[in-house]
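Contents: one structure, followed by commentary.
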Amino acid sequence: MKRGLIAATGVAAMLVSVAACGSGDGDNKSGADGFKGETLTVWAMDGSTPDGWTKDVKAEFEKKTGAKLKIETQQWNGIQQKITTALSESDPPDVLEIGNTQTPAYAETGGLADLSDLKKTIGADWTASLNQSAVYDGKQYAAPWYAANRVVLYNKKIWAEAGIKETPKTRTEFFKALDTIEKKTDAEPIYLPGQNWYFFDGLTIGSGAELVKKDGDTWVSNLADPKVGKAMDIYKQYQSFSKAPKDKDEATPQQGEVFAKGNTGAFIGMGWEAGVAIKANPKIEKEIGYFTIPGETAGKPEGVFLGGSNLAVAAGSQKQELAKEFLKIALSDRFESQLAKEAGVIPNKESLQTALKGNAAAEAAAPAVKAGGTTPLIPEWAAVENAPNPVKTYMTAVLNGTSHADAAESVEDELNERLSQER
């Protein structure tokens with residue numbers, strides 16, 4: 001699943017506020033026949049709804065409500081504009097899967113219904129780090145559905161050749177392991193291109209850094225913050241063990257394909273990237289291991305970017321109560337656990353992470369979720385990640401020897417211009 005690599009893009013300001021027209025006086029129904037004859041339309045992204053989960057949720061929903069469930073699969077390419085258009089029309093889909101970092105932009109326009117009541121009834125123990133993306137301006141405009149984050153994928157054969165018997169529990173131990181691989185084997189200790197931006201974002205989260213700050217009523221760059229510099233110093237230490245280009249990201253080339261060649265000790269990526277490596281070289285499957293990205297101290301993983309999706313209800317839907325009945329079912333412990341087992345994603349409650357048992361990549365990802373985070377949860381951030389991403393430019397500059405302060409200053413105007421763009 002590639003959610004973590006998909007950058008949020010802008011939502012046009014063309015949406016009109018339709019929150020007032022979504023309640024529907026005739027939608028206060030309950031019981032198996034309360035919604036008989038109605039059909040609820042759900043937009044879900046390609047790959048998000050495994051067959052077993054879909055079949056069982058549909059059966060439960062139709063049994064409980066008497067209504068029909070229509071799940072329409074959407075493609076990520078072009079989805080932002082498609083949702084923007086749909087939410088501005090008089091007959092939008094009732095429930096939508098939206099990228100977690102996209103939620104603030106849609107909420108700002110008035111296109112999403114307020115789900116604060118749902119949060120009180122079923123969301124008291126949603127994982128706080130996952131729920132933060134579903135809240136905008138103090139209101140609950142979506143519900144956390146699932147997440148995914150980066151782990152360390154390593155070559156067990158190379159680590160054994162280097163004499164390393166245990167995976168590291170601290171960042172210092174990790175650096176020591178990479179140094180040992182460099183000295184005792186012919187392998188590249190870690191493949192880390194200079195612009196693995198989402199890993200860097202995780203490091204900023206772990207360092208307590210903020211990438212933007214308020215200047216009056218305007219969001220502006222905060223890259224010059226020493227805490228951001230600290231995160232970049234950590235990234236630079238990792239990158240010093242790699243021969244990867246400093247001006248490319250993890251998809252250019254696909255780092256899983258580099259790892260597949262069998263001469264790389266480790267890389268930092270999503271669990272699904274193991275599949276990329278295995279497709280390129282099936283023999284490497286038996287050599288792949290996973291561990292949580294270690295932080296400064298044992299028992300406290302590194303900060304990670306939490307990619308994932310929320311479920312939202314269109315403010316213009318005439319089936320508000322029926323939509324909430326769907327959310328109660330889809331987000332229940334039963335179906336969150338089933339989704340975690342079938343898709344290998346992180347469920348929306350820490351208590352449900354036991355459902356990941358047996359999935360090595362997901363088990364490695366789960367410990368970091370509690371302290372994870374996202375890119376800045378402001379609508380203005382969307383334009384920042386459009387190519388060429390100025391934060392990536394900053395990263396490459398630092399890796400090529402420019403000081404943190406000078407590199408931050410060199411992209412400040414561009415970053416601020418993007419933050420000020422009309423949406």
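Here, A, B, ... name the chains of the structure tokens in the order displayed, residue numbers run from 1 inside each chain, and ligands are numbered from 1 in the same displayed order.
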Neighbours of A:Ala362 within 10 Å (only C-alpha atoms; same-chain residues fewer than 5 positions away dropped), as JSON, numbers by chain?
-> {"A": [148, 149, 150, 151, 270, 271, 272, 290, 291, 292, 340, 341, 343, 344, 345, 346, 353, 355, 356, 357, 367]}
In stretch 171-258 of chain A, what's helix (DSSP H, G or I) per DSSP? Answer as number ranges by chain?
-> A: 171-184, 197-206, 226-239, 255-258
Pick the closest to A:Asn263 from A:Glu321, A:Glu161, A:Asp217, A:Glu250: which is it, counting only C-alpha atoms?
->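 Of the candidates, the smallest distance to A:Asn263 is held by A:Glu161.
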Enumerate the residues of stretch 136-350 of chain A with a DSSP assignment of strand (DSSP E), computed from the backbone, and present them as a ChimeraX atom specification.
-> /A:136,139-140,143-148,151-155,212-215,218-221,266-269,288-291,307-313
Can you list, as an MDAnalysis selection string, every protein, DNA or RNA residue that comes within 8 Å of stretch 332-339 of chain A when you count only C-alpha atoms, leaving out same-chain residues fewer than 3 positions away?
-> chainID A and resid 49:50 53 57 122 145 327:329 342:345 347:348 352:353 355
Residues at most 10 Å from stretch 370-374 of chain A, counting only C-alpha atoms, excluding those fewer than 4 positions away in the same chain, as a list in words?
->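 Counting only the stated atoms, we get Asn100, Thr101, Thr127, Ala128, Ser129, Leu130, Asn131, Gln132, Ser133, Asn149, Tyr198, Asp201, Gly202, Leu203, Thr204, Ile205, Gly206, Lys300, Pro301, Glu302, Gly303, Val304, Phe305, Leu306, Gly307, Gly308, Lys349, Glu350 and Ala366 of chain A.
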Of the candidates A:Glu417, A:Glu285, A:Asp114, A:Glu296, which one gets nearest to A:Tyr136 if we count only C-alpha atoms?
->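 With only C-alpha atoms as the atom set, the closest residue is A:Asp114.
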Near A:Phe267, within 7 Å and counting only C-alpha atoms, which residues show up once chain neighbours fewer than 4 positions away are dropped, as a short mmCIF file (atom, residue, chain, number, x, y, z; two decimals) with N, CA and C atoms, in the first residue's frame?
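Final output, part37.cif:
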```cif
data_model
loop_
_atom_site.label_atom_id
_atom_site.label_comp_id
_atom_site.auth_asym_id
_atom_site.auth_seq_id
_atom_site.Cartn_x
_atom_site.Cartn_y
_atom_site.Cartn_z
N VAL A 152 12.39 -0.24 9.54
CA VAL A 152 13.67 -0.62 8.94
C VAL A 152 13.52 -2.01 8.34
N LEU A 153 13.80 -2.13 7.06
CA LEU A 153 13.86 -3.43 6.39
C LEU A 153 15.34 -3.75 6.23
N TYR A 154 15.76 -4.92 6.71
CA TYR A 154 17.18 -5.23 6.67
C TYR A 154 17.44 -6.61 6.08
N ILE A 190 23.39 1.09 4.48
CA ILE A 190 21.99 1.49 4.37
C ILE A 190 21.81 2.25 3.05
N TYR A 191 20.69 2.04 2.41
CA TYR A 191 20.38 2.82 1.22
C TYR A 191 19.45 3.93 1.65
N LEU A 192 19.94 5.16 1.60
CA LEU A 192 19.13 6.31 2.00
C LEU A 192 19.42 7.49 1.07
#
```
